[in-house]
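Enquirer: A single structure is presented below for examination.
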Amino acid sequence: MKLLVINTGSSSIKYKLFEMEEKKVMSAGLVEKIGEEQSRIKHQRFLSDGKVEEKTEDLAIKDHRVGLEMVGNLLQDEQLGVIKDPNEIKAVGHRVVHGGSRFSEAVIINAEVKDAIHSLVTLAPLHNPPNLEGIAVAEEVFPQAKQVAVFDTAFHQSMPDYAFLYAIPKKYYQEHRIRVYGMHGTSHQYVAHQAAIHLGVLPHKLNAVSIHLGNGCSMTAIKNGKSVDTSMGLSPLPGLIMGTRSGDIDPAIIFYMGNKLNMSFEEIDRELNKQSGLKGVAGENDMRTIIERVEEGDQEASLALEMYAYRIRKYIGAYLAIAGPLDALIFTAGVGENSTVVREKACQGLEHLGIILNRAKNFQRQKGIQEIQDEVSTVKILVVPTDEELSIAEQTYQLVTSE
Ligand code: AMP
């Protein structure tokens with residue numbers, strides 16, 4: 001069965017086309033910087049002899065719809081395409097960031113599901129709208145395919161009430177469902193499962209802290225294989241310092257911005273979601289550039305990096321109290337998988353908690369899962385490549401084949 005996974009981010013689209021029975025990725029690609037003057041689309045076709053044919057194009061892609069239509073065309077391209085007819089695609093799995101408390105697992109998309117995703121837009125303003133756009137375009141381009149939603153919040157539905165409730169008047173939960181939902185669930189669940197297999201621990205017995213550091217960043221405390229706490233909340237704004245999001249702040253800052261600085265809610269929202277985090281501190285949201293600037297002696301970039309790592313350390317301490325004793329501390333996603341500096345700084349000073357990084361191992365990058373702890377570390381420190389698309393593909397396949 002040919003199955004397409006579409007992972008729409010706030011300004012990007014990742015896609016992968018799988019041949020599920022053969023466990024093969026046929027094609028993959030990334031549309032980046034959507035809405036900016038210079039966007040980029042990279043499309044790859046994987047050949048059976050292991051070779052990869054690809055093309056990258058820089059051009060303006062004004063929105064997700066344009067980007068997704070280009071993806072549809074590239075998959076059918078004469079030279080680099082992998083299908084002749086859109087009806088060859090039997091299922092499309094969509095990453096949907098916010099599923100509220102309604103969805104604790106993947107579902108087949110129908111009008112009612114789309115309405116439910118739409119009703120959650122206020123909680124994930126950067127993500128649910130492009131996710132819905134992705135679904136709309138996929139329904140047009142692949143009309144015969146079953147469309148499936150896999151929710152980023154689903155894994156965290158196992159959190160206990162004392163962890164997911166906010167200490168505000170209970171009517172806000174009872175009438176408005178305001179609570180912690182958490183995000184990146186597909187990634188946290190996937191890397192925890194991979195770590196359990198790697199360590200020879202039964203997945204439902206694993207105690208771990210997973211640290212997903214991408215453009216968005218979050219951490220999850222995993223006890224007996226289940227999410228018991230996570231750093232994002234009602235929305236993807238709180239917790240760790242991210243590329244452009246502030247992470248945890250004193251909520252009174254919002255009143256100050258409104259009352260004293262006469263900013264509208266829309267302006268404050270934009271400021272905290274798009275102009276904060278690394279970008280707010282150092283004017284730059286890409287961790288690679290931040291690290292380059294640190295190496296050149298840039299003070300602002302150094303401060304941003306220190307703040308970023310310090311916040312991770314604070315959460316490690318908190319989650320150790322909740323999920324410990326730990327089998328594993330897991331680093332994943334763009335920064336977590338690639339940045340030796342961030343991993344080193346995030347583990348600095350945690351030796352007394354049994355978390356001891358081995359510098360040499362941390363610097364040796366290898367494919368797949370990597371152990372980077374010192375021999376005397378009681379906690380295994382793992383780099384586990386996340387594969388949200390594969391996880392979405394597996395969940396989608398399971399759902400459409402069990403119908
Ligand atoms: P993701 O959302 O998982 O695709 O991660 C995107 C983030 O990973 C961006 O902020 C990139 O700067 C960061 N990233 C990718 N490669 C590296 C690297 N070698 N060192 C530091 N950060 C990286």
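Chains: A, B, ... in order of the structure tokens. Residues: from 1 per chain. Ligands: from 1, in order shown.
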Can you pull out every residue with an atom within 8 Å of ligand 1? Use only C-alpha atoms and all ligand atoms and format it as a PyMOL selection string.
Expert: chain A and resi 212-216+243+285-289+291+332-340+342
Enquirer: Quick one: DSSP strand (DSSP E) residues in stretch 357-392 of chain A, as a ChimeraX atom specification?
Expert: /A:370-371,380-383
Enquirer: Identify which of the residues A:Ser235, A:Gln395, A:Asn7, A:Ile254 lies closest to A:Leu132, counting only C-alpha atoms when measuring atom-to-atom distances.
Expert: A:Asn7
Enquirer: Contacts of A:Val379 at 9 Å or less, counting only C-alpha atoms, minus same-chain residues fewer than 2 places along, as a ChimeraX atom specification?
Expert: /A:325-329,353-356,373,376-377,381
Enquirer: Output C-alpha atoms for every residue in the selection just made, as a compact mmCIF listing (two decimals), in the first residue's frame.
Expert:
# COMPACT_ATOMS: atom_id res chain seq x y z
CA PRO A 325 14.97 6.38 38.73
CA LEU A 326 15.55 6.77 35.03
CA ASP A 327 16.49 4.17 32.45
CA ALA A 328 17.29 6.87 29.95
CA LEU A 329 17.63 10.54 29.16
CA LEU A 353 22.12 13.02 39.81
CA GLY A 354 23.82 10.14 38.01
CA ILE A 355 23.75 11.88 34.61
CA ILE A 356 27.33 11.87 33.35
CA GLN A 373 26.96 8.50 28.74
CA VAL A 376 29.97 5.47 35.60
CA SER A 377 26.74 7.24 34.67
CA ILE A 381 22.08 9.18 27.85
Enquirer: Name all residues at most 12 Å from A:Val31 (count only C-alpha atoms; drop same-chain ones fewer than 6 positions away) and give them as a ChimeraX atom specification.
Expert: /A:6-16,38-44,55-71,74
Enquirer: Find the residues near stretch 260-270 of chain A: any atom within 12 Å, counting only C-alpha atoms, skip ones fewer than 4 places away on the same chain, and give them as a PDB file with N, CA, C and O atoms, in the first residue's frame.
Expert:
ATOM      1  N   THR A 122      -7.741  28.057  18.263  1.00  0.00           N
ATOM      2  CA  THR A 122      -7.292  29.075  19.226  1.00  0.00           C
ATOM      3  C   THR A 122      -6.180  28.542  20.123  1.00  0.00           C
ATOM      4  O   THR A 122      -5.372  29.311  20.634  1.00  0.00           O
ATOM      5  N   LEU A 123      -6.142  27.218  20.320  1.00  0.00           N
ATOM      6  CA  LEU A 123      -5.121  26.639  21.199  1.00  0.00           C
ATOM      7  C   LEU A 123      -3.791  26.389  20.479  1.00  0.00           C
ATOM      8  O   LEU A 123      -2.753  26.280  21.125  1.00  0.00           O
ATOM      9  N   ALA A 124      -3.820  26.273  19.172  1.00  0.00           N
ATOM     10  CA  ALA A 124      -2.577  26.052  18.412  1.00  0.00           C
ATOM     11  C   ALA A 124      -2.635  26.891  17.136  1.00  0.00           C
ATOM     12  O   ALA A 124      -2.725  26.359  16.031  1.00  0.00           O
ATOM     13  N   PRO A 125      -2.564  28.226  17.294  1.00  0.00           N
ATOM     14  CA  PRO A 125      -2.789  29.109  16.138  1.00  0.00           C
ATOM     15  C   PRO A 125      -1.741  28.979  15.038  1.00  0.00           C
ATOM     16  O   PRO A 125      -2.017  29.265  13.881  1.00  0.00           O
ATOM     17  N   LEU A 126      -0.529  28.537  15.400  1.00  0.00           N
ATOM     18  CA  LEU A 126       0.522  28.403  14.384  1.00  0.00           C
ATOM     19  C   LEU A 126       0.389  27.080  13.631  1.00  0.00           C
ATOM     20  O   LEU A 126       0.924  26.935  12.539  1.00  0.00           O
ATOM     21  N   SER A 235      -1.172  25.199  25.073  1.00  0.00           N
ATOM     22  CA  SER A 235      -0.681  25.538  23.733  1.00  0.00           C
ATOM     23  C   SER A 235       0.796  25.127  23.648  1.00  0.00           C
ATOM     24  O   SER A 235       1.388  24.729  24.655  1.00  0.00           O
ATOM     25  N   LEU A 237       3.254  27.004  23.593  1.00  0.00           N
ATOM     26  CA  LEU A 237       4.072  28.156  23.991  1.00  0.00           C
ATOM     27  C   LEU A 237       4.933  27.959  25.244  1.00  0.00           C
ATOM     28  O   LEU A 237       6.056  28.447  25.295  1.00  0.00           O
ATOM     29  N   THR A 244      11.561  30.616  18.283  1.00  0.00           N
ATOM     30  CA  THR A 244      10.902  31.932  18.341  1.00  0.00           C
ATOM     31  C   THR A 244       9.876  32.030  19.465  1.00  0.00           C
ATOM     32  O   THR A 244       9.217  33.048  19.599  1.00  0.00           O
ATOM     33  N   ARG A 245       9.717  30.953  20.250  1.00  0.00           N
ATOM     34  CA  ARG A 245       8.725  30.988  21.340  1.00  0.00           C
ATOM     35  C   ARG A 245       9.424  31.137  22.683  1.00  0.00           C
ATOM     36  O   ARG A 245      10.486  30.538  22.907  1.00  0.00           O
ATOM     37  N   SER A 246       8.773  31.882  23.563  1.00  0.00           N
ATOM     38  CA  SER A 246       9.405  32.243  24.837  1.00  0.00           C
ATOM     39  C   SER A 246       9.599  31.060  25.776  1.00  0.00           C
ATOM     40  O   SER A 246      10.509  31.064  26.597  1.00  0.00           O
ATOM     41  N   PRO A 251       3.127  34.961  33.785  1.00  0.00           N
ATOM     42  CA  PRO A 251       1.961  35.426  33.018  1.00  0.00           C
ATOM     43  C   PRO A 251       1.659  36.904  33.229  1.00  0.00           C
ATOM     44  O   PRO A 251       0.999  37.533  32.383  1.00  0.00           O
ATOM     45  N   ALA A 252       2.147  37.472  34.337  1.00  0.00           N
ATOM     46  CA  ALA A 252       1.897  38.900  34.589  1.00  0.00           C
ATOM     47  C   ALA A 252       2.590  39.794  33.555  1.00  0.00           C
ATOM     48  O   ALA A 252       2.225  40.963  33.394  1.00  0.00           O
ATOM     49  N   ILE A 253       3.565  39.255  32.844  1.00  0.00           N
ATOM     50  CA  ILE A 253       4.216  40.032  31.772  1.00  0.00           C
ATOM     51  C   ILE A 253       3.173  40.406  30.704  1.00  0.00           C
ATOM     52  O   ILE A 253       3.216  41.488  30.122  1.00  0.00           O
ATOM     53  N   ILE A 254       2.228  39.509  30.493  1.00  0.00           N
ATOM     54  CA  ILE A 254       1.185  39.759  29.485  1.00  0.00           C
ATOM     55  C   ILE A 254       0.303  40.938  29.926  1.00  0.00           C
ATOM     56  O   ILE A 254      -0.041  41.800  29.116  1.00  0.00           O
ATOM     57  N   PHE A 255      -0.034  40.998  31.236  1.00  0.00           N
ATOM     58  CA  PHE A 255      -0.830  42.146  31.714  1.00  0.00           C
ATOM     59  C   PHE A 255      -0.022  43.436  31.545  1.00  0.00           C
ATOM     60  O   PHE A 255      -0.548  44.479  31.194  1.00  0.00           O
ATOM     61  N   TYR A 256       1.264  43.339  31.850  1.00  0.00           N
ATOM     62  CA  TYR A 256       2.126  44.517  31.727  1.00  0.00           C
ATOM     63  C   TYR A 256       2.137  45.013  30.278  1.00  0.00           C
ATOM     64  O   TYR A 256       1.968  46.196  29.996  1.00  0.00           O
ATOM     65  N   LYS A 274       6.347  34.431  18.000  1.00  0.00           N
ATOM     66  CA  LYS A 274       7.186  34.558  16.795  1.00  0.00           C
ATOM     67  C   LYS A 274       8.438  35.400  16.962  1.00  0.00           C
ATOM     68  O   LYS A 274       9.329  35.349  16.123  1.00  0.00           O
ATOM     69  N   GLN A 275       8.491  36.206  18.038  1.00  0.00           N
ATOM     70  CA  GLN A 275       9.641  37.115  18.174  1.00  0.00           C
ATOM     71  C   GLN A 275      10.454  36.820  19.433  1.00  0.00           C
ATOM     72  O   GLN A 275      11.307  37.625  19.789  1.00  0.00           O
ATOM     73  N   SER A 276      10.154  35.751  20.122  1.00  0.00           N
ATOM     74  CA  SER A 276      10.812  35.491  21.409  1.00  0.00           C
ATOM     75  C   SER A 276      11.804  34.341  21.290  1.00  0.00           C
ATOM     76  O   SER A 276      12.342  34.103  20.218  1.00  0.00           O
ATOM     77  N   GLY A 280      14.370  36.263  20.213  1.00  0.00           N
ATOM     78  CA  GLY A 280      14.195  37.423  21.080  1.00  0.00           C
ATOM     79  C   GLY A 280      15.485  37.821  21.777  1.00  0.00           C
ATOM     80  O   GLY A 280      15.790  39.006  21.929  1.00  0.00           O
TER      81      GLY A 280
END
Enquirer: Pick out the residues sitting within 12 Å of A:Tyr173, and hand them over as a CSV table (one decimal) with all heavy atoms, in the first residue's frame; count only C-alpha atoms, and ignore anything fewer than 5 positions along from it in its own chain.
Expert:
chain,number,residue,atom,x,y,z
A,100,GLY,N,-6.9,18.3,21.5
A,100,GLY,CA,-7.7,18.6,22.7
A,100,GLY,C,-7.8,17.3,23.6
A,100,GLY,O,-6.9,16.4,23.5
A,101,SER,N,-8.8,17.2,24.4
A,101,SER,CA,-9.0,15.9,25.2
A,101,SER,C,-9.9,15.0,24.4
A,101,SER,O,-10.2,13.9,24.9
A,101,SER,CB,-9.5,16.2,26.6
A,101,SER,OG,-10.3,17.3,26.6
A,161,ASP,N,-4.6,13.9,36.6
A,161,ASP,CA,-5.2,15.2,36.7
A,161,ASP,C,-4.4,16.2,37.5
A,161,ASP,O,-4.4,17.4,37.2
A,161,ASP,CB,-6.6,15.1,37.3
A,161,ASP,CG,-6.7,14.3,38.6
A,161,ASP,OD1,-5.6,13.9,39.1
A,161,ASP,OD2,-7.8,14.1,39.1
A,164,PHE,N,-2.1,17.6,34.9
A,164,PHE,CA,-2.6,18.4,33.7
A,164,PHE,C,-3.6,19.6,34.0
A,164,PHE,O,-3.9,20.4,33.2
A,164,PHE,CB,-3.3,17.4,32.7
A,164,PHE,CG,-4.7,16.9,33.0
A,164,PHE,CD1,-5.8,17.7,33.1
A,164,PHE,CD2,-4.8,15.5,33.1
A,164,PHE,CE1,-7.0,17.1,33.4
A,164,PHE,CE2,-6.1,14.9,33.3
A,164,PHE,CZ,-7.2,15.8,33.5
A,165,LEU,N,-3.9,19.7,35.3
A,165,LEU,CA,-4.8,20.8,35.7
A,165,LEU,C,-4.0,22.0,36.1
A,165,LEU,O,-2.9,21.9,36.7
A,165,LEU,CB,-5.7,20.4,36.8
A,165,LEU,CG,-6.9,19.5,36.5
A,165,LEU,CD1,-7.6,19.0,37.7
A,165,LEU,CD2,-7.9,20.2,35.5
A,166,TYR,N,-4.5,23.2,35.7
A,166,TYR,CA,-3.9,24.5,36.2
A,166,TYR,C,-4.7,24.9,37.5
A,166,TYR,O,-5.9,24.7,37.6
A,166,TYR,CB,-4.1,25.6,35.2
A,166,TYR,CG,-3.2,25.4,33.9
A,166,TYR,CD1,-3.8,25.1,32.7
A,166,TYR,CD2,-1.8,25.5,34.0
A,166,TYR,CE1,-3.0,24.9,31.6
A,166,TYR,CE2,-1.0,25.3,32.9
A,166,TYR,CZ,-1.6,25.0,31.7
A,166,TYR,OH,-0.9,24.8,30.5
A,167,ALA,N,-3.9,25.5,38.4
A,167,ALA,CA,-4.6,25.9,39.7
A,167,ALA,C,-5.3,27.3,39.5
A,167,ALA,O,-4.9,28.3,40.1
A,167,ALA,CB,-3.5,26.0,40.8
A,168,ILE,N,-6.3,27.2,38.7
A,168,ILE,CA,-7.2,28.4,38.4
A,168,ILE,C,-8.6,28.0,38.7
A,168,ILE,O,-8.8,26.7,38.7
A,168,ILE,CB,-7.0,29.0,37.0
A,168,ILE,CG1,-7.3,27.9,35.9
A,168,ILE,CG2,-5.5,29.5,36.8
A,168,ILE,CD1,-7.2,28.5,34.5
A,178,ILE,N,-9.7,24.2,29.7
A,178,ILE,CA,-8.4,24.7,29.8
A,178,ILE,C,-7.6,23.8,30.7
A,178,ILE,O,-7.9,23.6,31.9
A,178,ILE,CB,-8.4,26.2,30.3
A,178,ILE,CG1,-9.0,27.1,29.2
A,178,ILE,CG2,-7.0,26.6,30.7
A,178,ILE,CD1,-9.1,28.5,29.6
A,179,ARG,N,-6.5,23.2,30.2
A,179,ARG,CA,-5.7,22.3,30.9
A,179,ARG,C,-4.4,22.1,30.1
A,179,ARG,O,-4.2,22.7,29.1
A,179,ARG,CB,-6.4,20.9,31.1
A,179,ARG,CG,-6.9,20.4,29.7
A,179,ARG,CD,-7.2,18.9,29.7
A,179,ARG,NE,-5.9,18.2,29.6
A,179,ARG,CZ,-5.8,16.8,29.6
A,179,ARG,NH1,-6.8,16.1,29.7
A,179,ARG,NH2,-4.6,16.3,29.5
A,180,VAL,N,-3.5,21.3,30.7
A,180,VAL,CA,-2.2,21.0,29.9
A,180,VAL,C,-2.6,19.9,28.9
A,180,VAL,O,-3.2,18.8,29.3
A,180,VAL,CB,-1.1,20.4,30.9
A,180,VAL,CG1,0.0,19.9,30.1
A,180,VAL,CG2,-0.7,21.5,31.8
A,181,TYR,N,-2.2,20.1,27.7
A,181,TYR,CA,-2.4,19.0,26.7
A,181,TYR,C,-1.0,18.4,26.2
A,181,TYR,O,-0.9,17.3,26.1
A,181,TYR,CB,-3.1,19.5,25.4
A,181,TYR,CG,-4.6,19.9,25.7
A,181,TYR,CD1,-5.0,21.2,26.0
A,181,TYR,CD2,-5.5,18.8,25.8
A,181,TYR,CE1,-6.3,21.4,26.3
A,181,TYR,CE2,-6.9,19.1,26.1
A,181,TYR,CZ,-7.3,20.4,26.3
A,181,TYR,OH,-8.6,20.7,26.6
A,234,LEU,N,-1.4,24.1,27.5
A,234,LEU,CA,-2.7,24.3,26.7
A,234,LEU,C,-2.3,24.5,25.3
A,234,LEU,O,-3.0,24.1,24.3
A,234,LEU,CB,-3.4,25.5,27.3
A,234,LEU,CG,-4.6,26.0,26.5
A,234,LEU,CD1,-5.8,25.1,26.8
A,234,LEU,CD2,-4.9,27.5,26.9
Enquirer: Nearest to A:Leu272 among A:Gly185, A:Gly72, A:Gly317, A:Pro236, with distances taken over only C-alpha atoms: which residue is it?
Expert: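 Checking each candidate against A:Leu272, we get A:Pro236 as the closest.
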Enquirer: Tell me, which residues of stretch 190-353 of chain A carry DSSP alpha helix (DSSP H), written as a PyMOL selection string?
Expert: chain A and resi 190-199+252-259+265-274+277-282+287-295+299-323+333-338+340-347
Enquirer: From the list A:Gly35, A:Thr230, A:Glu140, A:Lys90, which residue is nearest A:Glu19 when using only C-alpha atoms?
Expert: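 When distances to A:Glu19 are compared using only C-alpha atoms, the smallest one comes from A:Lys90.
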Enquirer: List the spatial neighbours of A:Met219 as number ranges by chain - criterion: any atom at most 12 Å away, only C-alpha atoms, same-chain residues fewer than 3 positions off excluded.
Expert: A: 156, 182-185, 187-189, 191-192, 208-214, 216, 222, 227-233, 236, 238-242, 247, 311-320, 329-333, 336
Enquirer: Output the selection as a PDB file, in the first residue's frame - C-alpha atoms for each residue.
Expert:
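Everything below was put into result_3.pdb:
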ATOM      1  CA  HIS A 156      -0.042  12.948  26.780  1.00  0.00           C
ATOM      2  CA  GLY A 182       1.258  18.896  25.643  1.00  0.00           C
ATOM      3  CA  MET A 183       2.635  18.452  22.115  1.00  0.00           C
ATOM      4  CA  HIS A 184       5.297  16.488  20.182  1.00  0.00           C
ATOM      5  CA  GLY A 185       3.565  13.361  21.527  1.00  0.00           C
ATOM      6  CA  SER A 187       7.957  12.077  18.678  1.00  0.00           C
ATOM      7  CA  HIS A 188       8.205  11.478  22.448  1.00  0.00           C
ATOM      8  CA  GLN A 189       6.295   8.193  22.111  1.00  0.00           C
ATOM      9  CA  VAL A 191      11.812   7.799  20.702  1.00  0.00           C
ATOM     10  CA  ALA A 192      10.782   6.285  24.045  1.00  0.00           C
ATOM     11  CA  ALA A 208      12.705   8.144  30.792  1.00  0.00           C
ATOM     12  CA  VAL A 209      12.931  11.837  30.172  1.00  0.00           C
ATOM     13  CA  SER A 210      12.740  12.695  26.501  1.00  0.00           C
ATOM     14  CA  ILE A 211      14.017  16.025  25.244  1.00  0.00           C
ATOM     15  CA  HIS A 212      12.730  17.055  21.823  1.00  0.00           C
ATOM     16  CA  LEU A 213      14.757  20.030  20.599  1.00  0.00           C
ATOM     17  CA  GLY A 214      13.662  21.195  17.156  1.00  0.00           C
ATOM     18  CA  GLY A 216       9.690  23.801  18.808  1.00  0.00           C
ATOM     19  CA  ILE A 222       7.771   9.054  30.962  1.00  0.00           C
ATOM     20  CA  SER A 227       3.603  10.344  29.586  1.00  0.00           C
ATOM     21  CA  VAL A 228       3.091  11.631  33.132  1.00  0.00           C
ATOM     22  CA  ASP A 229       4.108  15.242  32.589  1.00  0.00           C
ATOM     23  CA  THR A 230       5.244  17.444  29.737  1.00  0.00           C
ATOM     24  CA  SER A 231       6.567  20.960  29.327  1.00  0.00           C
ATOM     25  CA  MET A 232       4.142  22.359  26.749  1.00  0.00           C
ATOM     26  CA  GLY A 233       0.661  23.112  28.025  1.00  0.00           C
ATOM     27  CA  PRO A 236       2.852  24.929  22.360  1.00  0.00           C
ATOM     28  CA  PRO A 238       5.247  27.195  27.516  1.00  0.00           C
ATOM     29  CA  GLY A 239       8.182  25.172  28.784  1.00  0.00           C
ATOM     30  CA  LEU A 240      11.575  25.226  27.126  1.00  0.00           C
ATOM     31  CA  ILE A 241      13.079  28.189  25.278  1.00  0.00           C
ATOM     32  CA  MET A 242      12.480  27.627  21.560  1.00  0.00           C
ATOM     33  CA  GLY A 247       8.680  29.065  26.789  1.00  0.00           C
ATOM     34  CA  ARG A 311      16.022  25.771  31.089  1.00  0.00           C
ATOM     35  CA  ILE A 312      16.574  22.182  29.918  1.00  0.00           C
ATOM     36  CA  ARG A 313      18.617  21.415  33.070  1.00  0.00           C
ATOM     37  CA  LYS A 314      15.859  22.785  35.278  1.00  0.00           C
ATOM     38  CA  TYR A 315      13.331  20.508  33.618  1.00  0.00           C
ATOM     39  CA  ILE A 316      15.635  17.493  33.848  1.00  0.00           C
ATOM     40  CA  GLY A 317      15.782  18.055  37.621  1.00  0.00           C
ATOM     41  CA  ALA A 318      12.011  18.364  37.867  1.00  0.00           C
ATOM     42  CA  TYR A 319      11.300  15.314  35.737  1.00  0.00           C
ATOM     43  CA  LEU A 320      13.859  13.192  37.525  1.00  0.00           C
ATOM     44  CA  LEU A 329      17.629  10.538  29.163  1.00  0.00           C
ATOM     45  CA  ILE A 330      16.821  10.912  25.477  1.00  0.00           C
ATOM     46  CA  PHE A 331      17.881  13.718  23.118  1.00  0.00           C
ATOM     47  CA  THR A 332      16.067  14.011  19.821  1.00  0.00           C
ATOM     48  CA  ALA A 333      15.043  16.272  16.874  1.00  0.00           C
ATOM     49  CA  GLY A 336      18.999  17.278  20.088  1.00  0.00           C
TER      50      GLY A 336
END
Enquirer: Under the rule that only C-alpha atoms are counted, which of A:Leu350, A:Ile117, A:Ile322, A:Val341 is the nearest residue to A:Thr378?
Expert: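 Nearest to A:Thr378: A:Leu350.
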Enquirer: Rounded to one decimal in Å, what is the spacing between atom CA of A:Asn362 and atom CA of A:Ile392?
Expert: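 Going from atom CA of A:Asn362 over to atom CA of A:Ile392, I get 29.1 Å.
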Enquirer: Looking at only C-alpha atoms, which of A:Ala309, A:Ala163, A:Ala195, A:Ala304 is the one that sits closest to A:Gly368?
Expert: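 Under the stated criterion, the closest residue is A:Ala195.
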Enquirer: Work out how far apart atom CA of A:Pro86 and atom CA of A:Ile135 are and give it in Å to one decimal.
Expert: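 If I compute the distance from atom CA of A:Pro86 to atom CA of A:Ile135, I get 15.0 Å.
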Enquirer: Could you tell me how far atom CA of A:Phe151 sits from atom CA of A:Tyr190, in Å to one decimal place?
Expert: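 Atom-to-atom, atom CA of A:Tyr190 to atom CA of A:Phe151, that is 13.0 Å.
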Enquirer: Which is closest to A:Glu105 among A:Gln79, A:Ser119, A:Gln157, A:Asn224, if we use only C-alpha atoms?
Expert: A:Gln157
